[in-house]
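*Asks:* If it helps, the file is called data_20.cif and holds mmCIF, C-alpha atoms:
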```
data_upload
loop_
_atom_site.label_atom_id
_atom_site.label_comp_id
_atom_site.auth_asym_id
_atom_site.auth_seq_id
_atom_site.Cartn_x
_atom_site.Cartn_y
_atom_site.Cartn_z
CA MET V 168 -12.76 75.84 60.66
CA LYS V 169 -14.53 72.64 59.61
CA THR V 170 -12.91 72.93 56.18
CA LYS V 171 -9.45 73.45 57.71
CA SER V 172 -9.91 70.48 60.05
CA THR V 173 -11.00 68.28 57.18
CA LEU V 174 -8.03 69.32 55.08
CA MET V 175 -5.61 68.73 57.99
CA MET V 176 -7.08 65.26 58.60
CA ALA V 177 -6.84 64.41 54.90
CA GLY V 178 -3.20 65.54 54.93
CA VAL V 179 -2.38 63.35 57.96
CA MET V 180 -4.08 60.38 56.33
CA ALA V 181 -2.18 60.97 53.11
CA MET V 182 1.11 61.13 55.03
CA SER V 183 0.22 57.89 56.84
CA VAL V 184 -0.62 56.11 53.60
CA GLY V 185 2.59 57.41 52.05
CA ALA V 186 4.66 56.18 55.00
CA ALA V 187 2.97 52.79 54.80
CA CYS V 188 3.71 52.60 51.07
CA ASP V 189 7.36 53.52 51.72
CA ALA V 190 7.61 50.80 54.37
CA TYR V 191 5.99 48.30 52.03
CA ALA V 192 8.36 49.26 49.25
CA GLN V 193 11.29 48.24 51.44
CA THR V 194 9.98 44.66 51.65
CA ASN V 195 11.09 42.38 48.85
CA VAL V 196 9.27 39.09 48.16
CA THR V 197 10.35 36.82 45.31
CA ILE V 198 8.51 33.82 43.91
CA TYR V 199 10.89 31.35 42.29
CA GLY V 200 11.02 27.75 41.19
CA ILE V 201 12.32 24.96 38.98
CA VAL V 202 10.40 22.45 36.87
CA ASP V 203 12.54 19.48 35.83
CA ALA V 204 11.60 16.18 34.19
CA ALA V 205 13.40 13.45 32.23
CA ILE V 206 12.94 10.12 30.55
CA VAL V 207 15.13 7.57 32.37
CA TYR V 208 16.60 4.20 31.42
CA SER V 209 17.88 1.94 34.19
CA SER V 210 19.62 -1.28 33.19
CA ASN V 211 18.79 -3.09 36.41
CA GLN V 212 16.08 -2.43 38.98
CA GLY V 213 15.73 -5.56 41.07
CA GLY V 214 16.99 -7.63 38.15
CA LYS V 215 14.96 -5.97 35.36
CA SER V 216 15.58 -3.01 33.07
CA ASN V 217 13.13 -0.10 33.09
CA ILE V 218 12.19 3.03 31.12
CA TYR V 219 10.19 5.65 33.02
CA GLU V 220 9.66 9.35 33.69
CA ARG V 221 11.29 11.01 36.70
CA SER V 222 11.07 14.50 38.23
CA GLY V 223 13.94 16.61 39.55
CA ASN V 224 17.08 15.15 38.00
CA LEU V 225 19.34 18.02 36.99
CA ALA V 226 17.73 20.05 39.80
CA GLY V 227 14.89 19.25 42.18
CA SER V 228 11.49 20.57 41.06
CA ARG V 229 10.41 23.25 43.53
CA LEU V 230 8.27 26.33 44.23
CA GLY V 231 9.58 28.86 46.70
CA PHE V 232 8.95 32.22 48.33
CA ARG V 233 11.87 34.35 49.52
CA GLY V 234 11.45 37.60 51.41
CA ASN V 235 13.70 40.34 52.74
CA GLU V 236 12.82 43.53 54.64
CA ASP V 237 15.30 46.33 55.27
CA LEU V 238 15.08 47.28 58.96
CA GLY V 239 17.73 49.99 58.71
CA GLY V 240 21.24 50.24 60.07
CA GLY V 241 22.46 47.25 58.06
CA LEU V 242 19.85 44.94 59.64
CA SER V 243 17.23 43.04 57.66
CA ALA V 244 14.56 40.41 58.26
CA LEU V 245 14.37 37.41 55.95
CA PHE V 246 12.37 34.25 55.31
CA VAL V 247 12.30 31.31 52.92
CA LEU V 248 9.42 28.90 52.26
CA GLU V 249 10.26 26.23 49.69
CA ASN V 250 8.14 23.32 48.50
CA GLY V 251 9.43 20.32 46.58
CA PHE V 252 7.11 18.50 44.17
CA ASN V 253 7.11 15.76 41.54
CA VAL V 254 6.28 17.19 38.14
CA ASP V 255 5.52 13.76 36.67
CA ASP V 256 2.43 13.27 38.86
CA GLY V 257 2.01 16.59 40.72
CA SER V 258 2.53 15.07 44.17
CA LEU V 259 4.38 16.61 47.10
CA GLY V 260 8.06 15.75 47.32
CA ALA V 261 7.46 14.62 50.92
CA ALA V 262 4.05 13.36 52.02
CA ASN V 263 2.12 15.62 54.42
CA THR V 264 4.84 18.31 54.39
CA LEU V 265 4.07 21.41 52.32
CA PHE V 266 7.40 23.24 52.65
CA ASN V 267 9.54 20.12 52.82
CA ARG V 268 12.67 21.63 51.29
CA GLN V 269 13.07 24.70 53.53
CA SER V 270 11.01 26.85 55.89
CA TYR V 271 12.82 29.38 58.06
CA VAL V 272 12.79 32.99 59.26
CA GLY V 273 15.49 35.16 60.78
CA LEU V 274 17.60 38.30 60.88
CA ASN V 275 20.71 39.30 58.96
CA SER V 276 23.26 41.94 59.92
CA ASN V 277 25.84 43.15 57.42
CA ALA V 278 28.37 43.39 60.23
CA GLY V 279 27.38 40.46 62.44
CA GLY V 280 26.02 37.73 60.15
CA SER V 281 22.66 35.93 60.11
CA LEU V 282 20.60 34.00 62.65
CA THR V 283 17.74 31.86 61.34
CA VAL V 284 15.25 29.37 62.83
CA GLY V 285 13.12 26.64 61.22
CA ARG V 286 13.68 23.71 58.83
CA GLN V 287 17.04 24.29 57.18
CA TYR V 288 19.92 22.75 55.29
CA THR V 289 23.04 22.09 57.35
CA PRO V 290 26.29 24.11 57.23
CA TYR V 291 27.88 20.73 56.38
CA TYR V 292 25.90 20.59 53.12
CA LEU V 293 25.72 24.32 52.33
CA PHE V 294 29.50 24.72 52.52
CA VAL V 295 30.85 21.37 51.25
CA GLY V 296 28.05 20.67 48.75
CA PRO V 297 29.06 23.41 46.28
CA VAL V 298 32.57 21.93 45.97
CA GLY V 299 31.32 18.33 46.07
CA PRO V 300 30.02 16.17 43.22
CA THR V 301 26.35 17.12 43.07
CA SER V 302 26.71 20.77 42.07
CA SER V 303 28.40 19.68 38.82
CA LEU V 304 27.15 16.13 38.25
CA THR V 305 23.67 16.40 39.85
CA GLY V 306 22.57 14.22 42.75
CA ALA V 307 20.38 11.97 40.62
CA THR V 308 23.38 10.26 39.03
CA GLY V 309 26.41 12.06 40.46
CA ALA V 310 25.85 11.83 44.23
CA HIS V 311 28.14 9.35 45.90
CA PRO V 312 26.42 5.90 45.98
CA GLY V 313 23.07 6.18 47.74
CA ASP V 314 24.11 9.71 48.80
CA ILE V 315 25.86 7.91 51.64
CA ASP V 316 27.57 11.13 52.80
CA GLY V 317 24.61 13.51 52.45
CA LEU V 318 26.31 15.87 49.99
CA ASP V 319 23.12 16.10 47.94
CA THR V 320 20.02 17.99 49.16
CA THR V 321 18.70 15.12 51.28
CA ILE V 322 19.51 16.23 54.85
CA ARG V 323 17.47 19.01 56.38
CA ILE V 324 17.18 19.77 60.10
CA ASN V 325 13.84 20.50 61.76
CA ASN V 326 13.56 22.82 64.77
CA SER V 327 17.01 24.24 64.02
CA LEU V 328 18.86 27.41 64.92
CA THR V 329 21.64 28.47 62.52
CA TYR V 330 24.26 31.20 62.74
CA THR V 331 26.32 32.17 59.67
CA SER V 332 29.10 34.74 59.87
CA PRO V 333 29.85 37.45 57.33
CA VAL V 334 32.66 36.74 54.86
CA PHE V 335 36.07 37.83 56.16
CA GLY V 336 38.85 37.81 53.56
CA GLY V 337 37.18 34.99 51.64
CA ALA V 338 36.53 32.89 54.77
CA GLN V 339 33.14 32.14 56.34
CA VAL V 340 31.90 29.90 59.17
CA SER V 341 28.49 28.59 60.18
CA ALA V 342 27.06 26.54 63.05
CA GLN V 343 23.67 24.89 63.57
CA TYR V 344 21.84 23.13 66.39
CA GLY V 345 18.67 21.10 65.88
CA PHE V 346 16.52 20.68 68.98
CA GLY V 347 15.43 17.11 69.68
CA GLU V 348 12.42 18.45 71.58
CA THR V 349 11.97 15.29 73.68
CA ALA V 350 10.68 16.16 77.15
CA GLY V 351 13.09 14.98 79.85
CA SER V 352 15.78 14.07 77.29
CA THR V 353 16.64 17.06 75.12
CA GLY V 354 19.70 15.29 73.68
CA THR V 355 17.52 12.59 72.10
CA GLY V 356 17.02 13.18 68.39
CA ASN V 357 19.04 16.39 68.24
CA ALA V 358 21.53 17.47 65.56
CA PHE V 359 24.67 19.59 65.35
CA SER V 360 26.61 20.87 62.34
CA VAL V 361 29.48 23.26 61.61
CA GLY V 362 31.02 24.37 58.35
CA LEU V 363 34.02 26.37 57.16
CA LYS V 364 34.74 27.60 53.65
CA TYR V 365 37.40 29.69 52.01
CA ASP V 366 37.10 31.17 48.51
CA ILE V 367 39.85 33.23 46.95
CA ASN V 368 40.19 34.00 43.24
CA ASP V 369 39.89 30.67 41.37
CA PHE V 370 40.32 28.44 44.44
CA LYS V 371 37.51 27.11 46.65
CA PHE V 372 37.85 24.97 49.78
CA ALA V 373 35.35 23.74 52.38
CA LEU V 374 35.13 21.47 55.42
CA GLY V 375 31.97 20.28 57.18
CA TYR V 376 30.86 18.27 60.20
CA LEU V 377 27.42 16.91 61.05
CA LYS V 378 26.11 14.66 63.81
CA LEU V 379 22.55 13.33 63.91
CA LYS V 380 21.05 11.65 66.98
CA ASN V 381 18.35 8.98 66.79
CA GLY V 382 15.22 8.68 68.91
CA ALA V 383 14.91 6.56 72.05
CA ASN V 384 13.75 3.26 70.49
CA LEU V 385 16.78 2.27 68.41
CA SER V 386 15.54 -1.18 67.41
CA ALA V 387 12.67 0.47 65.49
CA GLY V 388 15.12 2.09 63.07
CA TRP V 389 15.71 5.78 62.48
CA SER V 390 13.08 7.83 64.30
CA SER V 391 10.74 10.04 62.29
CA THR V 392 10.75 12.49 65.23
CA ALA V 393 14.52 13.07 65.15
CA ALA V 394 15.55 16.59 64.12
CA GLY V 395 17.38 15.25 61.07
CA SER V 396 17.15 12.29 58.71
CA PHE V 397 19.25 11.08 55.78
CA SER V 398 19.10 9.06 52.56
CA THR V 399 18.44 5.37 53.02
CA SER V 400 19.27 2.63 50.54
CA VAL V 401 20.56 -0.93 50.43
CA ILE V 402 23.99 0.54 51.25
CA ASN V 403 23.08 1.66 54.78
CA LYS V 404 19.79 -0.15 55.53
CA GLY V 405 21.47 -2.44 58.05
CA TYR V 406 22.53 0.52 60.19
CA LEU V 407 19.30 2.50 60.61
CA SER V 408 19.13 1.41 64.26
CA ALA V 409 22.25 3.49 65.00
CA GLU V 410 22.23 5.69 68.06
CA SER V 411 23.87 8.45 66.01
CA VAL V 412 25.42 9.12 62.60
CA GLN V 413 28.49 11.29 62.11
CA PHE V 414 29.45 12.94 58.79
CA ILE V 415 32.79 14.59 58.02
CA ALA V 416 33.56 15.85 54.51
CA GLY V 417 35.82 18.21 52.65
CA GLY V 418 36.36 19.36 49.11
CA ALA V 419 38.34 21.75 46.94
CA ARG V 420 38.10 23.14 43.41
CA TYR V 421 40.41 25.10 41.17
CA LYS V 422 39.39 26.91 37.99
CA ILE V 423 41.69 27.32 34.99
CA GLY V 424 39.91 29.30 32.31
CA GLN V 425 36.82 27.32 31.28
CA LEU V 426 38.11 24.17 33.02
CA GLU V 427 37.42 23.42 36.69
CA LEU V 428 38.99 20.52 38.62
CA GLY V 429 37.82 19.20 41.97
CA VAL V 430 38.54 16.64 44.69
CA ASN V 431 36.36 15.56 47.61
CA ALA V 432 36.40 13.07 50.46
CA SER V 433 34.03 11.99 53.22
CA ASN V 434 33.83 9.76 56.29
CA VAL V 435 30.48 8.52 57.62
CA GLN V 436 30.12 6.57 60.87
CA TYR V 437 27.00 4.76 62.13
CA GLU V 438 27.47 4.43 65.88
CA PRO V 439 25.50 1.71 67.74
CA GLY V 440 23.85 2.06 71.12
CA LEU V 441 21.80 -0.04 73.51
CA GLY V 442 19.10 -1.62 71.34
CA SER V 443 20.89 -1.22 67.98
CA LEU V 444 20.73 -4.22 65.64
CA PHE V 445 24.51 -4.15 65.02
CA SER V 446 27.43 -4.18 67.44
CA ASN V 447 30.36 -2.22 65.99
CA THR V 448 30.65 1.23 64.44
CA ALA V 449 30.03 0.97 60.70
CA THR V 450 32.28 3.27 58.67
CA PHE V 451 32.08 4.32 55.00
CA ASN V 452 34.94 6.26 53.40
CA THR V 453 34.55 7.93 50.00
CA GLY V 454 36.96 9.72 47.71
CA GLY V 455 36.06 11.47 44.47
CA VAL V 456 37.46 13.54 41.60
CA LEU V 457 35.61 15.64 39.05
CA ALA V 458 36.13 17.98 36.11
CA THR V 459 33.86 20.49 34.39
CA TYR V 460 34.29 22.39 31.13
CA GLN V 461 32.26 25.20 29.55
CA LEU V 462 32.68 24.21 25.89
CA THR V 463 30.61 27.10 24.55
CA GLN V 464 28.39 29.76 26.08
CA ALA V 465 25.52 27.26 25.84
CA LEU V 466 27.18 23.85 26.26
CA PHE V 467 28.47 22.60 29.63
CA VAL V 468 30.01 19.17 30.22
CA SER V 469 31.27 17.44 33.37
CA GLY V 470 32.46 14.08 34.61
CA GLY V 471 33.36 12.48 37.91
CA TYR V 472 34.56 9.26 39.53
CA SER V 473 34.08 8.12 43.13
CA TYR V 474 35.16 5.14 45.22
CA THR V 475 33.29 4.18 48.41
CA LYS V 476 34.49 1.50 50.82
CA GLU V 477 32.97 0.13 54.00
CA LYS V 478 35.42 -0.83 56.77
CA LYS V 479 35.59 -4.35 58.20
CA ALA V 480 33.21 -4.63 61.16
CA ASN V 481 30.16 -6.52 62.43
CA GLY V 482 31.54 -9.87 61.24
CA ILE V 483 32.14 -8.73 57.65
CA THR V 484 35.58 -9.72 56.33
CA ASP V 485 34.96 -8.70 52.69
CA PRO V 486 33.36 -5.26 53.13
CA ALA V 487 31.33 -3.51 50.43
CA LYS V 488 33.05 -1.40 47.78
CA TYR V 489 31.38 0.83 45.20
CA GLN V 490 32.93 2.44 42.11
CA GLN V 491 30.90 5.00 40.18
CA LEU V 492 31.44 7.01 36.99
CA ALA V 493 29.03 9.88 36.16
CA LEU V 494 28.80 12.24 33.16
CA GLU V 495 26.65 15.28 32.36
CA GLN V 496 25.98 17.40 29.26
CA THR V 497 23.77 20.48 29.52
CA TYR V 498 22.73 22.72 26.64
CA SER V 499 21.16 26.05 27.62
CA LEU V 500 18.47 27.25 25.25
CA SER V 501 18.21 30.43 27.33
CA LYS V 502 19.09 31.68 30.81
CA ARG V 503 16.08 29.79 32.17
CA THR V 504 15.67 26.70 29.98
CA ALA V 505 18.13 23.87 29.40
CA LEU V 506 18.19 20.41 27.83
CA TYR V 507 20.38 17.81 29.51
CA ALA V 508 21.72 14.28 29.30
CA LEU V 509 23.09 12.26 32.22
CA GLU V 510 24.95 8.94 32.14
CA ALA V 511 26.24 6.90 35.09
CA TYR V 512 27.60 3.43 35.78
CA GLN V 513 28.27 1.79 39.13
CA TYR V 514 29.96 -1.47 40.10
CA ALA V 515 29.62 -2.96 43.58
CA LYS V 516 31.33 -5.89 45.26
CA GLY V 517 31.82 -7.36 48.73
CA LYS V 518 29.25 -7.70 51.50
CA THR V 519 27.39 -5.46 53.91
CA VAL V 520 24.87 -5.81 56.73
CA GLY V 521 21.30 -6.45 55.61
CA ALA V 522 18.13 -4.79 56.83
CA ALA V 523 17.82 -7.32 59.66
CA GLY V 524 20.99 -5.94 61.26
CA GLY V 525 24.31 -7.45 62.30
CA ALA V 526 23.13 -11.04 62.14
CA SER V 527 22.57 -10.81 58.38
CA GLN V 528 25.11 -10.40 55.61
CA VAL V 529 24.09 -9.60 52.05
CA ASN V 530 25.93 -9.00 48.81
CA ALA V 531 26.56 -5.35 48.03
CA VAL V 532 24.48 -4.25 45.04
CA ALA V 533 24.75 -1.18 42.82
CA VAL V 534 22.62 1.91 43.45
CA VAL V 535 23.55 4.84 41.17
CA GLY V 536 23.59 8.30 42.79
CA ASP V 537 20.48 8.85 44.87
CA SER V 538 17.95 8.44 42.04
CA GLN V 539 17.94 4.65 42.47
CA ASN V 540 17.71 4.44 46.27
CA GLY V 541 14.28 2.87 46.07
CA THR V 542 15.11 0.82 42.96
CA PRO V 543 18.58 -0.69 43.44
CA SER V 544 20.14 -3.18 41.09
CA GLY V 545 19.57 -6.86 41.63
CA GLY V 546 23.31 -7.44 41.17
CA ARG V 547 26.73 -5.85 41.01
CA ASN V 548 26.13 -3.44 38.10
CA GLN V 549 23.74 -0.64 37.28
CA THR V 550 23.69 1.81 34.36
CA VAL V 551 21.39 4.84 34.34
CA LEU V 552 20.77 7.14 31.35
CA MET V 553 18.60 10.28 31.44
CA ALA V 554 17.45 12.87 28.90
CA GLY V 555 15.44 15.80 30.18
CA ILE V 556 14.51 19.47 30.32
CA ARG V 557 14.81 21.98 33.16
CA HIS V 558 13.07 25.35 33.35
CA SER V 559 13.66 27.84 36.15
CA PHE V 560 11.68 30.95 36.99
#
```
Using structure tokens, write down the structure from this file.
*Replies:*
Amino acid sequence: MKTKSTLMMAGVMAMSVGAACDAYAQTNVTIYGIVDAAIVYSSNQGGKSNIYERSGNLAGSRLGFRGNEDLGGGLSALFVLENGFNVDDGSLGAANTLFNRQSYVGLNSNAGGSLTVGRQYTPYYLFVGPVGPTSSLTGATGAHPGDIDGLDTTIRINNSLTYTSPVFGGAQVSAQYGFGETAGSTGTGNAFSVGLKYDINDFKFALGYLKLKNGANLSAGWSSTAAGSFSTSVINKGYLSAESVQFIAGGARYKIGQLELGVNASNVQYEPGLGSLFSNTATFNTGGVLATYQLTQALFVSGGYSYTKEKKANGITDPAKYQQLALEQTYSLSKRTALYALEAYQYAKGKTVGAAGGASQVNAVAVVGDSQNGTPSGGRNQTVLMAGIRHSF
């Protein structure tokens, strides 16, 4: 009897271990990343040329963990934890934030779509970004000046809830709300975004909307506690005391063999409130065109032009205008490793509001893509050249 009991118990334990192994086998966790570095030449950083090393040019350097568990019945659990880092010095991409690029968890239903919570990209970016300039020209040199319209990977929403539908006949929609989390004033610092895209055969089209709310103390600039933030440069520094910022963008692409053509446009509005350092809504309109061509299986080339114009407001009669040309050549040594060269030139003219707000007017200066946001030109022109290597895993 003792022997039978022992054998039965061993059998139950074996079945339990087997069931646990089967359950574990249904969970998929992937470690992935990109390491990207280049030598950069800038013709004008505050009036002086510079040669230096920069991380994350063709693609941002990152280390990520992605997981998916099959829960049965077409339902699965998922998560993403993604860290951005600077390969040139090993530092975090954002100080004191480990998973600064993305950190979210949620559920996905084949029939009903996905619902995720955490720090996430916006539907505005996820839908319009792939048909915008940065997916072909890279944000470092190809993003619209200063990434004024957030079509590069610079806007992420904390404390956000995102729903994304399944694809129906090539169409898909997504909506996101970022909680401001301010006691007694839940609308302070919140964010809202929606996106729509339609892909059919060789045609792609997308529209996106995003609104970011500032914190309570507008005169202090953009609040670090707001659910969302955005790229800042000499282009928009005079408007960081805005009560809210609204982004609207759209883009389309059409592929003809190895050639792909694209157009894109955006409207960004900085809306003042009580305590803002400027009086009237500041508006930036941008239009762009681009072309890509797969010359050989290994060699990819692309080029794009954009024109950004600020509307007359806040006492400015000669508003800022920015013209930018960007080029890219990428040679793939393998599926994971590529060598690349990037070239861009920007010309700026007119005036904009300075960092002190509406009372100050300054000359518009060039700031190529979003790689030069912290090192703008000291004048109207800026040329940036890069040669680098990207490895993905």
*Asks:* For the structure provided, state which residues fall under the PyMOL selection byres ((chain V and resi 204) around 9), and present them as a ChimeraX atom specification.
*Replies:* /V:202-203,205-206,220-225,228,253-255,554-557
*Asks:* Show which residues sit within 8 Å of Thr329 of chain V, as number ranges by chain. Count only C-alpha atoms, and ignore same-chain residues fewer than 5 positions away.
*Replies:* V: 281-284, 341-344
*Asks:* As a check of understanding, name the residues that the PyMOL selection byres ((chain V and resi 394) around 8) selects in the supplied structure, as a ChimeraX atom specification.
*Replies:* /V:324-327,345-347,356-358,379-380,392-393,395-396
*Asks:* What is the distance between atom CA of Tyr421 of chain V and atom CA of Tyr460 of chain V, in Å to one decimal?
*Replies:*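 Distance reported for this atom pair: 12.1 Å.
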*Asks:* For this structure, which residues satisfy the selection - the PyMOL selection byres ((chain V and resi 385) around 12) - when it is evaluated on the file as given? I want them as a ChimeraX atom specification.
*Replies:* /V:355-356,380-384,386-391,393,406-411,438-445,524
*Asks:* Working from the structure I just supplied, which lacks atoms in segment 350-359 of chain V, can you model all heavy atoms there and output them as a PDB file, in the coordinates of the input?
*Replies:*
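What follows is the written file result-v5.pdb:
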```
ATOM      1  N   ALA V 350      10.795  15.750  75.754  1.00  0.00           N
ATOM      2  CA  ALA V 350      10.680  16.160  77.150  1.00  0.00           C
ATOM      3  C   ALA V 350      11.462  15.207  78.053  1.00  0.00           C
ATOM      4  O   ALA V 350      11.336  13.987  77.952  1.00  0.00           O
ATOM      5  CB  ALA V 350       9.213  16.172  77.575  1.00  0.00           C
ATOM      6  N   GLY V 351      12.299  15.783  78.927  1.00  0.00           N
ATOM      7  CA  GLY V 351      13.090  14.980  79.850  1.00  0.00           C
ATOM      8  C   GLY V 351      14.367  14.440  79.266  1.00  0.00           C
ATOM      9  O   GLY V 351      15.192  13.878  79.987  1.00  0.00           O
ATOM     10  N   SER V 352      14.570  14.575  77.934  1.00  0.00           N
ATOM     11  CA  SER V 352      15.780  14.070  77.290  1.00  0.00           C
ATOM     12  C   SER V 352      16.050  14.895  76.040  1.00  0.00           C
ATOM     13  O   SER V 352      15.865  14.439  74.916  1.00  0.00           O
ATOM     14  CB  SER V 352      15.632  12.584  76.941  1.00  0.00           C
ATOM     15  OG  SER V 352      16.801  12.086  76.339  1.00  0.00           O
ATOM     16  N   THR V 353      16.499  16.133  76.246  1.00  0.00           N
ATOM     17  CA  THR V 353      16.640  17.060  75.120  1.00  0.00           C
ATOM     18  C   THR V 353      17.747  16.655  74.157  1.00  0.00           C
ATOM     19  O   THR V 353      17.797  17.143  73.029  1.00  0.00           O
ATOM     20  CB  THR V 353      16.924  18.483  75.635  1.00  0.00           C
ATOM     21  OG1 THR V 353      18.079  18.453  76.499  1.00  0.00           O
ATOM     22  CG2 THR V 353      15.734  19.012  76.423  1.00  0.00           C
ATOM     23  N   GLY V 354      18.648  15.749  74.580  1.00  0.00           N
ATOM     24  CA  GLY V 354      19.700  15.290  73.680  1.00  0.00           C
ATOM     25  C   GLY V 354      19.225  14.232  72.710  1.00  0.00           C
ATOM     26  O   GLY V 354      19.887  13.955  71.706  1.00  0.00           O
ATOM     27  N   THR V 355      18.065  13.626  72.984  1.00  0.00           N
ATOM     28  CA  THR V 355      17.520  12.590  72.100  1.00  0.00           C
ATOM     29  C   THR V 355      17.026  13.217  70.797  1.00  0.00           C
ATOM     30  O   THR V 355      16.241  14.163  70.818  1.00  0.00           O
ATOM     31  CB  THR V 355      16.373  11.847  72.782  1.00  0.00           C
ATOM     32  OG1 THR V 355      16.859  11.244  73.975  1.00  0.00           O
ATOM     33  CG2 THR V 355      15.796  10.782  71.875  1.00  0.00           C
ATOM     34  N   GLY V 356      17.488  12.701  69.687  1.00  0.00           N
ATOM     35  CA  GLY V 356      17.020  13.180  68.390  1.00  0.00           C
ATOM     36  C   GLY V 356      17.538  14.522  67.958  1.00  0.00           C
ATOM     37  O   GLY V 356      17.053  15.081  66.964  1.00  0.00           O
ATOM     38  N   ASN V 357      18.549  15.071  68.646  1.00  0.00           N
ATOM     39  CA  ASN V 357      19.040  16.390  68.240  1.00  0.00           C
ATOM     40  C   ASN V 357      20.070  16.293  67.120  1.00  0.00           C
ATOM     41  O   ASN V 357      20.423  15.201  66.668  1.00  0.00           O
ATOM     42  CB  ASN V 357      19.594  17.157  69.450  1.00  0.00           C
ATOM     43  CG  ASN V 357      20.856  16.532  70.017  1.00  0.00           C
ATOM     44  OD1 ASN V 357      21.371  15.556  69.474  1.00  0.00           O
ATOM     45  ND2 ASN V 357      21.349  17.088  71.106  1.00  0.00           N
ATOM     46  N   ALA V 358      20.561  17.436  66.665  1.00  0.00           N
ATOM     47  CA  ALA V 358      21.530  17.470  65.560  1.00  0.00           C
ATOM     48  C   ALA V 358      22.452  18.658  65.762  1.00  0.00           C
ATOM     49  O   ALA V 358      22.070  19.688  66.339  1.00  0.00           O
ATOM     50  CB  ALA V 358      20.807  17.584  64.223  1.00  0.00           C
ATOM     51  N   PHE V 359      23.688  18.504  65.264  1.00  0.00           N
ATOM     52  CA  PHE V 359      24.670  19.590  65.350  1.00  0.00           C
ATOM     53  C   PHE V 359      25.533  19.581  64.106  1.00  0.00           C
ATOM     54  O   PHE V 359      25.956  18.525  63.630  1.00  0.00           O
ATOM     55  CB  PHE V 359      25.550  19.420  66.593  1.00  0.00           C
ATOM     56  CG  PHE V 359      26.656  20.443  66.682  1.00  0.00           C
ATOM     57  CD1 PHE V 359      26.369  21.771  66.966  1.00  0.00           C
ATOM     58  CD2 PHE V 359      27.972  20.084  66.456  1.00  0.00           C
ATOM     59  CE1 PHE V 359      27.376  22.723  67.030  1.00  0.00           C
ATOM     60  CE2 PHE V 359      28.994  21.021  66.514  1.00  0.00           C
ATOM     61  CZ  PHE V 359      28.688  22.347  66.811  1.00  0.00           C
TER      62      PHE V 359
END
```
